[in-house]
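Student: For reference, the file run32.txt (compact mmCIF, C-alpha atoms and all ligand atoms) is included below:
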```txt
# COMPACT_ATOMS: atom_id res chain seq x y z
CA MET R 1 -6.93 22.24 -13.20
CA LYS R 2 -9.25 20.65 -10.66
CA ALA R 3 -7.68 18.87 -7.69
CA ILE R 4 -8.48 17.65 -4.20
CA ALA R 5 -6.36 19.82 -1.93
CA GLN R 6 -5.95 20.99 1.66
CA SER R 7 -4.34 23.94 3.46
CA VAL R 8 -4.14 22.52 6.99
CA TYR R 9 -3.70 19.08 8.54
CA GLY R 10 -6.87 17.40 9.77
CA PRO R 11 -9.62 14.90 9.02
CA ALA R 12 -11.06 14.46 5.51
CA ASP R 13 -13.20 17.59 6.05
CA VAL R 14 -10.08 19.71 5.38
CA LEU R 15 -10.06 18.49 1.77
CA SER R 16 -11.93 20.29 -0.99
CA LEU R 17 -12.18 20.26 -4.77
CA ARG R 18 -10.29 23.37 -5.90
CA SER R 19 -8.77 25.03 -8.95
CA VAL R 20 -4.99 24.90 -8.65
CA ALA R 21 -2.10 25.62 -11.00
CA SER R 22 -1.38 22.79 -13.45
CA PRO R 23 2.04 21.17 -12.97
CA GLU R 24 4.84 21.55 -15.50
CA ALA R 25 7.25 18.89 -16.65
CA GLY R 26 10.62 19.63 -15.05
CA PRO R 27 13.92 17.91 -15.86
CA GLY R 28 13.58 14.14 -15.57
CA SER R 29 9.81 14.37 -15.11
CA VAL R 30 6.66 14.04 -17.18
CA VAL R 31 3.16 15.41 -16.77
CA VAL R 32 0.51 12.71 -16.63
CA SER R 33 -3.13 13.29 -17.47
CA VAL R 34 -4.46 11.32 -14.50
CA ARG R 35 -7.28 8.86 -15.22
CA ALA R 36 -7.31 7.09 -11.84
CA ALA R 37 -5.53 7.39 -8.50
CA GLY R 38 -5.08 4.91 -5.66
CA VAL R 39 -6.12 5.44 -2.04
CA ASP R 40 -3.87 3.97 0.65
CA PRO R 41 -3.22 4.60 4.34
CA GLY R 42 -0.28 6.85 3.44
CA VAL R 43 -2.78 9.38 2.03
CA TRP R 44 -4.43 9.50 5.44
CA ILE R 45 -1.02 10.11 7.09
CA ASN R 46 -0.29 12.95 4.60
CA MET R 47 -3.74 14.44 5.24
CA THR R 48 -3.74 14.31 9.05
CA GLY R 49 -0.02 14.77 9.66
CA GLN R 50 -0.20 11.84 12.07
CA PRO R 51 1.78 10.13 13.48
CA TYR R 52 3.62 13.40 14.14
CA ALA R 53 7.00 12.09 12.94
CA ALA R 54 5.55 12.22 9.40
CA ARG R 55 5.51 16.04 9.61
CA ALA R 56 9.31 16.10 9.46
CA ALA R 57 8.95 15.03 5.83
CA PHE R 58 5.57 16.48 4.85
CA GLY R 59 5.57 19.85 6.60
CA LEU R 60 5.79 20.78 10.29
CA ARG R 61 2.80 23.13 10.61
CA ARG R 62 0.89 22.50 7.40
CA PRO R 63 1.31 20.17 4.43
CA LYS R 64 4.04 21.37 2.06
CA VAL R 65 2.14 19.77 -0.83
CA ALA R 66 -1.53 20.80 -0.95
CA VAL R 67 -2.83 18.21 -3.43
CA ARG R 68 -3.46 14.73 -1.98
CA GLY R 69 -2.93 11.30 -3.48
CA ARG R 70 0.20 9.43 -4.59
CA ALA R 71 -0.47 6.36 -6.74
CA LEU R 72 -1.79 7.06 -10.25
CA ALA R 73 -2.43 5.73 -13.73
CA GLY R 74 -2.93 7.87 -16.80
CA VAL R 75 -1.55 9.13 -20.09
CA VAL R 76 1.64 11.16 -20.54
CA SER R 77 0.70 14.64 -21.78
CA ALA R 78 4.12 16.35 -21.72
CA VAL R 79 7.74 15.37 -21.12
CA GLY R 80 10.41 17.45 -19.43
CA PRO R 81 14.01 18.15 -20.49
CA GLY R 82 16.15 15.01 -20.74
CA VAL R 83 13.26 12.54 -20.80
CA THR R 84 13.67 9.95 -23.55
CA SER R 85 11.94 6.90 -22.04
CA PHE R 86 8.38 8.24 -22.30
CA ALA R 87 6.49 10.25 -24.90
CA PRO R 88 3.10 12.00 -24.97
CA GLY R 89 0.34 9.42 -25.38
CA ASP R 90 2.08 6.65 -23.40
CA GLU R 91 -0.16 4.89 -20.88
CA VAL R 92 1.69 4.78 -17.55
CA TYR R 93 1.35 4.06 -13.85
CA GLY R 94 3.41 4.99 -10.82
CA THR R 95 3.59 7.37 -7.88
CA THR R 96 4.06 11.10 -7.40
CA GLY R 97 5.00 13.23 -4.43
CA SER R 98 3.05 16.21 -5.71
CA GLY R 99 -0.52 14.86 -5.64
CA SER R 100 -2.52 12.50 -7.84
CA TYR R 101 -6.11 13.47 -6.96
CA ALA R 102 -5.95 15.96 -9.79
CA GLU R 103 -6.47 16.26 -13.52
CA PHE R 104 -2.71 16.39 -14.09
CA ALA R 105 0.31 15.29 -12.05
CA ALA R 106 4.05 15.80 -12.41
CA VAL R 107 5.87 12.49 -12.01
CA PRO R 108 9.63 11.80 -11.97
CA VAL R 109 10.31 9.12 -14.60
CA LYS R 110 12.17 7.01 -12.01
CA LEU R 111 8.78 6.49 -10.29
CA LEU R 112 6.92 5.65 -13.51
CA ALA R 113 6.42 2.55 -15.67
CA ARG R 114 4.30 1.51 -18.62
CA LYS R 115 0.81 0.49 -17.56
CA PRO R 116 0.13 -3.25 -17.91
CA ALA R 117 -1.91 -3.45 -21.11
CA SER R 118 -4.40 -5.88 -19.58
CA LEU R 119 -5.42 -3.47 -16.80
CA SER R 120 -7.89 -0.60 -16.90
CA PHE R 121 -6.67 2.72 -15.53
CA ALA R 122 -8.63 2.12 -12.32
CA GLN R 123 -7.04 -1.31 -11.85
CA ALA R 124 -3.58 0.05 -12.64
CA ALA R 125 -3.93 2.87 -10.09
CA ALA R 126 -4.54 0.19 -7.44
CA VAL R 127 -1.12 -1.35 -7.99
CA PRO R 128 1.88 0.98 -7.43
CA ILE R 129 2.24 1.35 -3.65
CA SER R 130 0.50 -1.78 -2.36
CA ALA R 131 1.83 -4.36 -4.82
CA VAL R 132 5.38 -3.00 -4.66
CA THR R 133 5.31 -3.17 -0.85
CA ALA R 134 3.90 -6.70 -0.96
CA LEU R 135 6.62 -7.79 -3.40
CA ALA R 136 9.34 -6.31 -1.19
CA GLY R 137 7.91 -7.94 1.94
CA VAL R 138 7.24 -11.40 0.55
CA ARG R 139 10.06 -11.87 -1.93
CA ASP R 140 12.88 -9.61 -0.70
CA VAL R 141 12.51 -9.47 3.11
CA ALA R 142 10.85 -12.84 3.84
CA ALA R 143 12.65 -14.48 0.87
CA VAL R 144 9.76 -16.93 0.53
CA LYS R 145 10.70 -20.27 -1.10
CA PRO R 146 8.54 -22.92 -2.78
CA GLY R 147 6.75 -25.13 -0.26
CA GLN R 148 7.12 -22.72 2.65
CA ARG R 149 4.15 -21.93 4.85
CA VAL R 150 3.28 -18.25 4.84
CA MET R 151 0.65 -16.41 6.85
CA VAL R 152 -0.63 -13.06 5.58
CA ILE R 153 -2.42 -10.96 8.21
CA GLY R 154 -4.82 -8.49 6.61
CA ALA R 155 -5.08 -10.82 3.62
CA ALA R 156 -8.05 -9.00 2.08
CA GLY R 157 -6.50 -5.54 2.41
CA GLY R 158 -4.55 -3.34 0.01
CA ILE R 159 -1.12 -4.89 0.57
CA GLY R 160 -2.41 -8.22 1.87
CA ALA R 161 -4.36 -9.19 -1.26
CA TYR R 162 -1.15 -8.76 -3.27
CA ALA R 163 0.99 -10.50 -0.63
CA VAL R 164 -1.22 -13.60 -0.80
CA GLN R 165 -0.96 -13.75 -4.60
CA ILE R 166 2.80 -13.10 -4.67
CA ALA R 167 3.48 -15.75 -2.01
CA VAL R 168 1.37 -18.24 -3.98
CA ALA R 169 3.25 -17.28 -7.17
CA LEU R 170 6.52 -18.05 -5.34
CA GLY R 171 5.20 -21.53 -4.50
CA ALA R 172 4.22 -20.96 -0.88
CA VAL R 173 1.30 -22.54 0.95
CA VAL R 174 -0.63 -19.53 2.20
CA THR R 175 -2.94 -18.97 5.15
CA GLY R 176 -4.81 -15.68 5.04
CA VAL R 177 -6.05 -13.86 8.13
CA CYS R 178 -9.09 -11.65 7.61
CA GLY R 179 -12.31 -10.52 9.20
CA ARG R 180 -15.76 -12.01 8.76
CA GLY R 181 -17.13 -12.18 5.21
CA LYS R 182 -13.79 -12.03 3.42
CA ALA R 183 -12.77 -15.72 3.44
CA ASP R 184 -14.06 -16.42 -0.08
CA LEU R 185 -12.11 -13.47 -1.48
CA VAL R 186 -8.90 -14.57 0.26
CA ARG R 187 -9.28 -18.17 -0.97
CA SER R 188 -9.92 -16.88 -4.51
CA LEU R 189 -6.48 -15.24 -4.35
CA GLY R 190 -4.88 -18.63 -3.70
CA ALA R 191 -4.86 -19.05 0.09
CA VAL R 192 -5.44 -22.69 1.08
CA ASP R 193 -6.55 -21.79 4.59
CA VAL R 194 -8.22 -18.79 6.19
CA ILE R 195 -8.31 -17.66 9.81
CA ASP R 196 -11.20 -15.38 10.78
CA TYR R 197 -9.46 -13.24 13.37
CA THR R 198 -12.73 -12.48 15.09
CA SER R 199 -12.94 -16.11 16.25
CA ALA R 200 -9.30 -17.35 16.41
CA GLU R 201 -5.88 -15.79 16.99
CA VAL R 202 -2.95 -16.14 14.62
CA ASP R 203 -1.06 -18.49 17.00
CA ARG R 204 -4.05 -20.88 17.26
CA ASP R 205 -1.98 -23.91 16.09
CA GLY R 206 1.38 -23.08 17.68
CA ALA R 207 4.39 -22.21 15.52
CA VAL R 208 3.70 -23.54 12.02
CA TYR R 209 4.68 -20.76 9.60
CA ASP R 210 8.01 -20.01 7.95
CA ALA R 211 6.95 -16.40 7.48
CA VAL R 212 4.24 -14.10 8.78
CA ILE R 213 3.53 -10.98 6.72
CA ASP R 214 1.68 -8.56 9.00
CA THR R 215 -0.14 -5.69 7.30
CA ALA R 216 -2.72 -5.11 10.05
CA GLY R 217 -0.14 -3.68 12.45
CA CYS R 218 -2.04 -4.22 15.67
CA ARG R 219 -0.59 -7.34 17.29
CA PRO R 220 2.23 -7.55 19.83
CA LEU R 221 5.48 -8.86 18.38
CA SER R 222 5.47 -11.68 20.97
CA LEU R 223 2.18 -13.01 19.57
CA LEU R 224 3.39 -12.81 15.97
CA ARG R 225 6.65 -14.61 16.82
CA ARG R 226 4.70 -17.44 18.49
CA ALA R 227 3.11 -18.25 15.11
CA VAL R 228 6.51 -18.65 13.39
CA VAL R 229 9.08 -21.48 13.49
CA PRO R 230 12.36 -20.55 15.25
CA ALA R 231 14.24 -20.05 11.96
CA GLY R 232 11.35 -18.10 10.47
CA ILE R 233 10.60 -14.42 10.06
CA VAL R 234 7.92 -11.88 10.90
CA VAL R 235 7.65 -9.05 8.35
CA LEU R 236 5.95 -5.82 9.46
CA ALA R 237 4.36 -3.74 6.71
CA GLY R 238 2.43 -1.19 8.67
CA GLY R 239 1.51 0.61 11.82
CA GLY R 240 -2.18 -0.22 11.97
CA HIS R 241 -4.60 2.42 13.18
CA ASP R 242 -2.60 3.64 16.14
CA ALA R 243 -1.75 7.15 14.90
CA GLY R 244 -1.06 8.60 18.34
CA GLY R 245 2.14 10.24 19.52
CA LEU R 246 5.31 10.67 17.53
CA LEU R 247 5.42 7.28 15.81
CA GLY R 248 1.96 5.73 16.22
CA GLY R 249 1.99 1.99 15.53
CA TYR R 250 5.42 2.21 13.91
CA THR R 251 7.20 1.75 17.27
CA ARG R 252 7.06 -2.01 16.52
CA GLN R 253 9.34 -1.48 13.49
CA LEU R 254 11.84 0.36 15.70
CA ARG R 255 11.82 -2.47 18.21
CA ALA R 256 12.21 -5.16 15.52
CA PRO R 257 16.05 -5.28 15.43
CA PHE R 258 16.28 -5.52 19.23
CA VAL R 259 13.60 -8.22 19.48
CA SER R 260 15.45 -10.16 16.76
CA MET R 261 18.55 -10.32 18.96
CA SER R 262 16.83 -12.79 21.29
CA THR R 263 16.48 -16.47 20.38
CA GLY R 264 13.67 -17.23 17.97
CA PRO R 265 12.19 -15.81 14.79
CA ARG R 266 13.58 -12.62 13.30
CA VAL R 267 11.37 -9.53 12.96
CA ARG R 268 11.93 -7.09 10.09
CA GLY R 269 10.12 -4.05 8.75
CA VAL R 270 9.56 -3.56 5.02
CA VAL R 271 9.60 -0.39 2.97
CA GLY R 272 8.29 -0.56 -0.59
CA ARG R 273 10.68 0.93 -3.19
CA GLU R 274 8.26 2.62 -5.56
CA ARG R 275 10.75 2.71 -8.46
CA SER R 276 10.20 1.93 -12.14
CA GLU R 277 12.14 -1.35 -11.78
CA SER R 278 9.82 -2.57 -9.01
CA LEU R 279 6.77 -1.61 -11.06
CA ASP R 280 8.17 -3.46 -14.07
CA GLU R 281 8.58 -6.58 -11.89
CA VAL R 282 4.98 -6.30 -10.77
CA THR R 283 3.91 -5.78 -14.39
CA THR R 284 5.61 -9.08 -15.29
CA LEU R 285 3.58 -10.88 -12.59
CA ILE R 286 0.37 -9.21 -13.79
CA GLU R 287 0.98 -10.05 -17.45
CA ALA R 288 1.76 -13.65 -16.48
CA GLY R 289 -1.67 -13.84 -14.83
CA LYS R 290 -0.14 -14.44 -11.39
CA VAL R 291 -1.28 -11.18 -9.78
CA LYS R 292 -4.43 -9.15 -10.28
CA PRO R 293 -5.68 -6.05 -8.49
CA VAL R 294 -8.77 -6.46 -6.35
CA ILE R 295 -10.91 -3.32 -6.46
CA ASP R 296 -13.33 -2.71 -3.61
CA ARG R 297 -14.78 0.73 -4.39
CA VAL R 298 -14.33 3.43 -7.03
CA TYR R 299 -15.12 7.10 -6.24
CA PRO R 300 -15.23 10.12 -8.58
CA LEU R 301 -12.64 12.86 -7.92
CA ALA R 302 -15.07 15.14 -6.06
CA GLU R 303 -15.77 12.31 -3.60
CA ALA R 304 -12.12 11.54 -2.81
CA PRO R 305 -12.66 12.66 0.82
CA ASP R 306 -15.30 9.91 1.17
CA ALA R 307 -12.87 7.41 -0.35
CA ILE R 308 -10.31 8.31 2.33
CA ARG R 309 -12.97 8.14 5.07
CA TYR R 310 -13.94 4.67 3.87
CA LEU R 311 -10.35 3.42 3.80
CA ALA R 312 -9.72 4.89 7.26
CA GLN R 313 -12.38 2.57 8.67
CA GLY R 314 -9.71 -0.09 8.12
CA HIS R 315 -11.61 -2.88 6.39
CA PRO R 316 -11.46 -2.57 2.60
CA ALA R 317 -11.85 -5.68 0.47
CA GLY R 318 -8.89 -4.92 -1.80
CA LYS R 319 -8.20 -1.42 -3.04
CA VAL R 320 -10.08 1.86 -3.13
CA VAL R 321 -9.63 4.01 -6.24
CA VAL R 322 -10.52 7.57 -7.30
CA THR R 323 -11.26 8.19 -10.98
CA ILE R 324 -10.69 11.49 -12.72
N1 LIG R 401 6.04 -0.34 4.45
C1 LIG R 401 5.58 0.31 3.39
O1 LIG R 401 6.33 0.65 2.47
C2 LIG R 401 4.10 0.57 3.34
C3 LIG R 401 3.52 0.94 2.14
C4 LIG R 401 2.15 1.13 2.11
C5 LIG R 401 1.43 0.97 3.28
N2 LIG R 401 2.04 0.65 4.44
C6 LIG R 401 1.28 0.45 5.69
O2 LIG R 401 0.83 -0.90 5.70
C7 LIG R 401 -0.39 -0.99 6.42
C8 LIG R 401 -1.43 -1.74 5.59
O3 LIG R 401 -1.69 -1.01 4.41
P1 LIG R 401 -2.86 -1.48 3.45
O4 LIG R 401 -2.84 -0.57 2.28
O5 LIG R 401 -2.82 -2.93 3.24
O6 LIG R 401 -4.13 -1.13 4.38
P2 LIG R 401 -5.65 -1.57 4.18
O7 LIG R 401 -5.95 -1.69 2.74
O8 LIG R 401 -6.45 -0.64 5.02
O9 LIG R 401 -5.73 -3.03 4.78
C9 LIG R 401 -5.61 -3.26 6.16
C10 LIG R 401 -6.19 -4.62 6.43
O10 LIG R 401 -6.02 -4.89 7.83
C11 LIG R 401 -7.03 -5.79 8.20
N3 LIG R 401 -7.29 -5.75 9.62
C12 LIG R 401 -7.81 -4.73 10.35
N4 LIG R 401 -7.87 -5.08 11.64
C13 LIG R 401 -7.33 -6.34 11.73
C14 LIG R 401 -7.09 -7.24 12.79
N5 LIG R 401 -7.38 -6.94 14.06
N6 LIG R 401 -6.53 -8.43 12.50
C15 LIG R 401 -6.21 -8.76 11.24
N7 LIG R 401 -6.42 -7.95 10.18
C16 LIG R 401 -6.98 -6.76 10.43
C17 LIG R 401 -8.25 -5.41 7.43
O11 LIG R 401 -8.89 -6.62 7.10
P3 LIG R 401 -10.42 -7.00 7.53
O12 LIG R 401 -11.30 -6.11 6.73
O13 LIG R 401 -10.51 -8.41 7.14
O14 LIG R 401 -10.54 -6.69 8.99
C18 LIG R 401 -7.67 -4.73 6.17
O15 LIG R 401 -7.90 -5.55 5.05
C19 LIG R 401 -0.77 0.44 6.78
O16 LIG R 401 -0.37 0.69 8.12
C20 LIG R 401 0.04 1.29 5.82
O17 LIG R 401 0.32 2.58 6.34
C21 LIG R 401 3.35 0.43 4.49
```
Take the structure in the file and give it back as structure tokens.

Tutor:
Amino acid sequence: MKAIAQSVYGPADVLSLRSVASPEAGPGSVVVSVRAAGVDPGVWINMTGQPYAARAAFGLRRPKVAVRGRALAGVVSAVGPGVTSFAPGDEVYGTTGSGSYAEFAAVPVKLLARKPASLSFAQAAAVPISAVTALAGVRDVAAVKPGQRVMVIGAAGGIGAYAVQIAVALGAVVTGVCGRGKADLVRSLGAVDVIDYTSAEVDRDGAVYDAVIDTAGCRPLSLLRRAVVPAGIVVLAGGGHDAGGLLGGYTRQLRAPFVSMSTGPRVRGVVGRERSESLDEVTTLIEAGKVKPVIDRVYPLAEAPDAIRYLAQGHPAGKVVVTI
């Protein structure tokens, strides 16, 4: 089959369209004929092997898995031993650890769910990682309640566009923080107020938010805490574009428990659980019309390296998708 693969860590130039062996459906897994695959910052981490701590999981000297991409949507083409929940022909979405920028992908059924019927494959591929992380951050970690004031930093981005919609669905009053030219998009997702971070900082009004969901990953914790009421919470979704050293921007997550010991707002990291159950919860929100994917750009498989280059610039308006 054709796939976008790499042999060494590096920039997007290390990727190429190659012929590789098609996957087989092992126990508890299915093979999906991939129709579309999502692009998210995790793909860049897998590709570059940076921050270096990521190599402990993905391969010390070179990537253990050659094919890139994780989120996907497609049609089940084969089921492995013991699989009863899916059958060939089922339209599905989810994540895989063995590469989704490919004609076929092996996916454990615990990471797979039925595709929302109202979404195209390209829209569905934009959901699994970002929406699940947004749901975990807004509902589970921040425990947002009706009437609360929530700020989403990076409100037009992959996770942020979902976080705004999920917070609104939970009854929150949302302020979105985004760069120039994205205010209309963020308001269309339900935010009542928008801060253009190029002209004002997130603490411009003093502490007024019950929760801040930070997906941009580039502000000091002290600044984020100043925007939150003393009983409130700062939720950290990412490490921004600092990929240097062992942990890159993720040192803030490590410091979060210690910072939270001092008086004032708590700081917590969030990790999306990309399981079937989480996807089913997101599907419910999508089918209820409360959440919709925002697609910025769609690239054909051969141009997946350009899709990653575009995302790495750090300013997508929603999600970037590769179609197969
Ligand atoms: N915890 C988890 O389980 C998990 C899962 C997936 C991803 N992540 C991490 O979460 C982070 C965000 O992921 P994503 O998919 O949302 O990335 P993304 O799609 O690239 O979005 C990042 C957003 O950050 C905004 N931004 C950039 N500079 C900013 C600044 N100075 N101030 C405010 N906003 C700024 C950009 O908005 P503008 O265009 O408006 O500048 C962009 O929309 C990444 O670090 C990723 O690795 C974590």

Student: Excluding Thr263 (chain R) and any residue of its chain fewer than 2 positions from it, enumerate the residues within 12 Å of it, using all atoms listed in the file, and give them as a tab-separated table (two decimals) with C-alpha atoms, keeping the file's coordinate frame.

Tutor:
```
chain	number	residue	atom	x	y	z
R	225	ARG	CA	6.65	-14.61	16.82
R	226	ARG	CA	4.70	-17.44	18.49
R	229	VAL	CA	9.08	-21.48	13.49
R	230	PRO	CA	12.36	-20.55	15.25
R	231	ALA	CA	14.24	-20.05	11.96
R	232	GLY	CA	11.35	-18.10	10.47
R	258	PHE	CA	16.28	-5.52	19.23
R	259	VAL	CA	13.60	-8.22	19.48
R	260	SER	CA	15.45	-10.16	16.76
R	261	MET	CA	18.55	-10.32	18.96
R	265	PRO	CA	12.19	-15.81	14.79
R	266	ARG	CA	13.58	-12.62	13.30
R	267	VAL	CA	11.37	-9.53	12.96
```

Student: How would you report the residues lying within 6 Å of ligand LIG 401 (chain R), as a ChimeraX atom specification, if you count all atoms listed in the file?

Tutor: /R:40-42,129-130,133,153-154,156-160,177-179,197,215-216,237-240,270-272,311,314-316

Student: Can you tell me which residues surround Gly82 (chain R) at a distance of at most 10 Å, considering all atoms listed in the file, apart from same-chain residues fewer than 2 positions away, and format the answer as a list in words?

Tutor: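 Everything that qualifies: Gly26, Pro27, Gly28, Ser29, Val79, Gly80, Thr84 and Ser85 of chain R.
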
Student: Calculated over only C-alpha atoms, which of the candidates R:Ala136, R:Val67, R:Ile324, R:Ala122 has the smallest distance to Val92 (chain R)?

Tutor: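 Of the candidates, the smallest distance to Val92 (chain R) is held by R:Ala122.
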
Student: For CA of Arg297 (chain R) and CA of Gly74 (chain R), determine how far apart the two atoms are, in Å to one decimal place.

Tutor: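 Answer for the CA of Arg297 (chain R) to CA of Gly74 (chain R) separation: 18.6 Å.
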
Student: Need the shell around Pro116 (chain R): protein/DNA/RNA residues with any atom at most 6 Å away, counting all atoms listed in the file. Skip same-chain ones fewer than 2 positions apart. Format as an MDAnalysis selection string?

Tutor: chainID R and resid 118:119 283

Student: Can you measure CA of Ala256 (chain R) to CA of Arg268 (chain R) for me? One decimal in Å is fine.

Tutor: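 Separation between CA of Ala256 (chain R) and CA of Arg268 (chain R): 5.8 Å.
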
Student: Env of region 49-62 of chain R: 7 Å cut, atoms = all atoms listed in the file, seq-sep filter 4 positions within chain, self excluded. Answer as a PDB file with C-alpha atoms, in the frame of the given file.

Tutor:
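Writing the result to selection-v5.pdb gives the following:
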```pdb
ATOM      1  CA  SER R   7      -4.340  23.940   3.460  1.00  0.00           C
ATOM      2  CA  VAL R   8      -4.140  22.520   6.990  1.00  0.00           C
ATOM      3  CA  TYR R   9      -3.700  19.080   8.540  1.00  0.00           C
ATOM      4  CA  ILE R  45      -1.020  10.110   7.090  1.00  0.00           C
ATOM      5  CA  ALA R 243      -1.750   7.150  14.900  1.00  0.00           C
ATOM      6  CA  GLY R 244      -1.060   8.600  18.340  1.00  0.00           C
ATOM      7  CA  GLY R 245       2.140  10.240  19.520  1.00  0.00           C
ATOM      8  CA  LEU R 246       5.310  10.670  17.530  1.00  0.00           C
ATOM      9  CA  LEU R 247       5.420   7.280  15.810  1.00  0.00           C
ATOM     10  CA  GLY R 248       1.960   5.730  16.220  1.00  0.00           C
TER      11      GLY R 248
END
```

Student: Could you tell me how far CA of Met47 (chain R) sits from CA of Ala312 (chain R), in Å to one decimal place?

Tutor: 11.4 Å

Student: Would you please work out which residue, of R:Ser22, R:Thr175, R:Gln165, R:Thr96, is nearest to Leu189 (chain R) when using only C-alpha atoms?

Tutor: R:Gln165

Student: List as a VMD selection string the protein and nucleic acid residues near Val132 (chain R), meaning an atom at most 7 Å away when only C-alpha atoms are counted, but skip any in the same chain fewer than 6 places from it.

Tutor: chain R and resid 272 to 274 278 to 279 282

Student: With only C-alpha atoms as the basis for distance, which of R:Tyr93, R:Ala211, R:Ala126, R:Ser199 is at the shortest distance from Arg149 (chain R)?

Tutor: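 Among R:Tyr93, R:Ala211, R:Ala126, R:Ser199, it is R:Ala211 that comes nearest to Arg149 (chain R).
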
Student: Return the single residue from R:Val228, R:Val192, R:Ile233, R:Ala102 that is closest to Arg204 (chain R), with distances computed using all atoms listed in the file.

Tutor: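 The shortest atom-to-atom distance to Arg204 (chain R) comes from R:Val228.
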
Student: Between R:Ala288, R:Ala37, R:Leu224, R:Ala25, which one has atoms that come closest to Pro108 (chain R), using all atoms listed in the file?

Tutor: R:Ala25

Student: Around region 81-96 of chain R, with edges along x, y and z and 3 Å added on all six sides, what centre and edge lengths do you get, in Å to one decimal, as JSON?

Tutor:
```
{"center_x": 8.0, "center_y": 11.1, "center_z": -16.4, "size_x": 22.3, "size_y": 20.1, "size_z": 24.0}
```

Student: Using all atoms listed in the file, pick whichever of R:Gln148, R:Ser262, R:Lys182, R:Asp13 has the shortest atom-to-atom distance to Val212 (chain R).

Tutor: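 Closest candidate: R:Gln148.
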
Student: Taking the partial coordinates given, rebuild region 270-282 of chain R to contain N, CA, C and O atoms; return it as a PDB file, in the coordinates of the input.

Tutor:
```pdb
ATOM      1  N   VAL R 270       9.386  -3.634   6.475  1.00  0.00           N
ATOM      2  CA  VAL R 270       9.560  -3.560   5.020  1.00  0.00           C
ATOM      3  C   VAL R 270       9.172  -2.155   4.552  1.00  0.00           C
ATOM      4  O   VAL R 270       8.233  -1.556   5.065  1.00  0.00           O
ATOM      5  N   VAL R 271       9.945  -1.655   3.613  1.00  0.00           N
ATOM      6  CA  VAL R 271       9.600  -0.390   2.970  1.00  0.00           C
ATOM      7  C   VAL R 271       9.545  -0.657   1.466  1.00  0.00           C
ATOM      8  O   VAL R 271      10.512  -1.162   0.889  1.00  0.00           O
ATOM      9  N   GLY R 272       8.418  -0.359   0.852  1.00  0.00           N
ATOM     10  CA  GLY R 272       8.290  -0.560  -0.590  1.00  0.00           C
ATOM     11  C   GLY R 272       9.132   0.460  -1.344  1.00  0.00           C
ATOM     12  O   GLY R 272       9.133   1.643  -0.999  1.00  0.00           O
ATOM     13  N   ARG R 273       9.900  -0.003  -2.338  1.00  0.00           N
ATOM     14  CA  ARG R 273      10.680   0.930  -3.190  1.00  0.00           C
ATOM     15  C   ARG R 273       9.844   1.168  -4.442  1.00  0.00           C
ATOM     16  O   ARG R 273       9.765   0.316  -5.311  1.00  0.00           O
ATOM     17  N   GLU R 274       9.245   2.363  -4.497  1.00  0.00           N
ATOM     18  CA  GLU R 274       8.260   2.620  -5.560  1.00  0.00           C
ATOM     19  C   GLU R 274       8.961   3.087  -6.839  1.00  0.00           C
ATOM     20  O   GLU R 274       8.619   4.123  -7.411  1.00  0.00           O
ATOM     21  N   ARG R 275       9.969   2.345  -7.275  1.00  0.00           N
ATOM     22  CA  ARG R 275      10.750   2.710  -8.460  1.00  0.00           C
ATOM     23  C   ARG R 275      10.212   2.011  -9.694  1.00  0.00           C
ATOM     24  O   ARG R 275       9.538   0.991  -9.614  1.00  0.00           O
ATOM     25  N   SER R 276      10.616   2.528 -10.863  1.00  0.00           N
ATOM     26  CA  SER R 276      10.200   1.930 -12.140  1.00  0.00           C
ATOM     27  C   SER R 276      10.515   0.441 -12.181  1.00  0.00           C
ATOM     28  O   SER R 276       9.701  -0.362 -12.637  1.00  0.00           O
ATOM     29  N   GLU R 277      11.728   0.056 -11.693  1.00  0.00           N
ATOM     30  CA  GLU R 277      12.140  -1.350 -11.780  1.00  0.00           C
ATOM     31  C   GLU R 277      11.169  -2.237 -10.995  1.00  0.00           C
ATOM     32  O   GLU R 277      10.820  -3.338 -11.452  1.00  0.00           O
ATOM     33  N   SER R 278      10.750  -1.774  -9.807  1.00  0.00           N
ATOM     34  CA  SER R 278       9.820  -2.570  -9.010  1.00  0.00           C
ATOM     35  C   SER R 278       8.472  -2.691  -9.725  1.00  0.00           C
ATOM     36  O   SER R 278       7.853  -3.752  -9.754  1.00  0.00           O
ATOM     37  N   LEU R 279       8.035  -1.573 -10.315  1.00  0.00           N
ATOM     38  CA  LEU R 279       6.770  -1.610 -11.060  1.00  0.00           C
ATOM     39  C   LEU R 279       6.865  -2.568 -12.242  1.00  0.00           C
ATOM     40  O   LEU R 279       5.932  -3.316 -12.527  1.00  0.00           O
ATOM     41  N   ASP R 280       8.003  -2.554 -12.927  1.00  0.00           N
ATOM     42  CA  ASP R 280       8.170  -3.460 -14.070  1.00  0.00           C
ATOM     43  C   ASP R 280       8.103  -4.923 -13.611  1.00  0.00           C
ATOM     44  O   ASP R 280       7.566  -5.777 -14.314  1.00  0.00           O
ATOM     45  N   GLU R 281       8.658  -5.205 -12.418  1.00  0.00           N
ATOM     46  CA  GLU R 281       8.580  -6.580 -11.890  1.00  0.00           C
ATOM     47  C   GLU R 281       7.137  -6.960 -11.592  1.00  0.00           C
ATOM     48  O   GLU R 281       6.711  -8.090 -11.865  1.00  0.00           O
ATOM     49  N   VAL R 282       6.387  -6.020 -11.038  1.00  0.00           N
ATOM     50  CA  VAL R 282       4.980  -6.300 -10.770  1.00  0.00           C
ATOM     51  C   VAL R 282       4.216  -6.483 -12.091  1.00  0.00           C
ATOM     52  O   VAL R 282       3.368  -7.366 -12.221  1.00  0.00           O
TER      53      VAL R 282
END
```
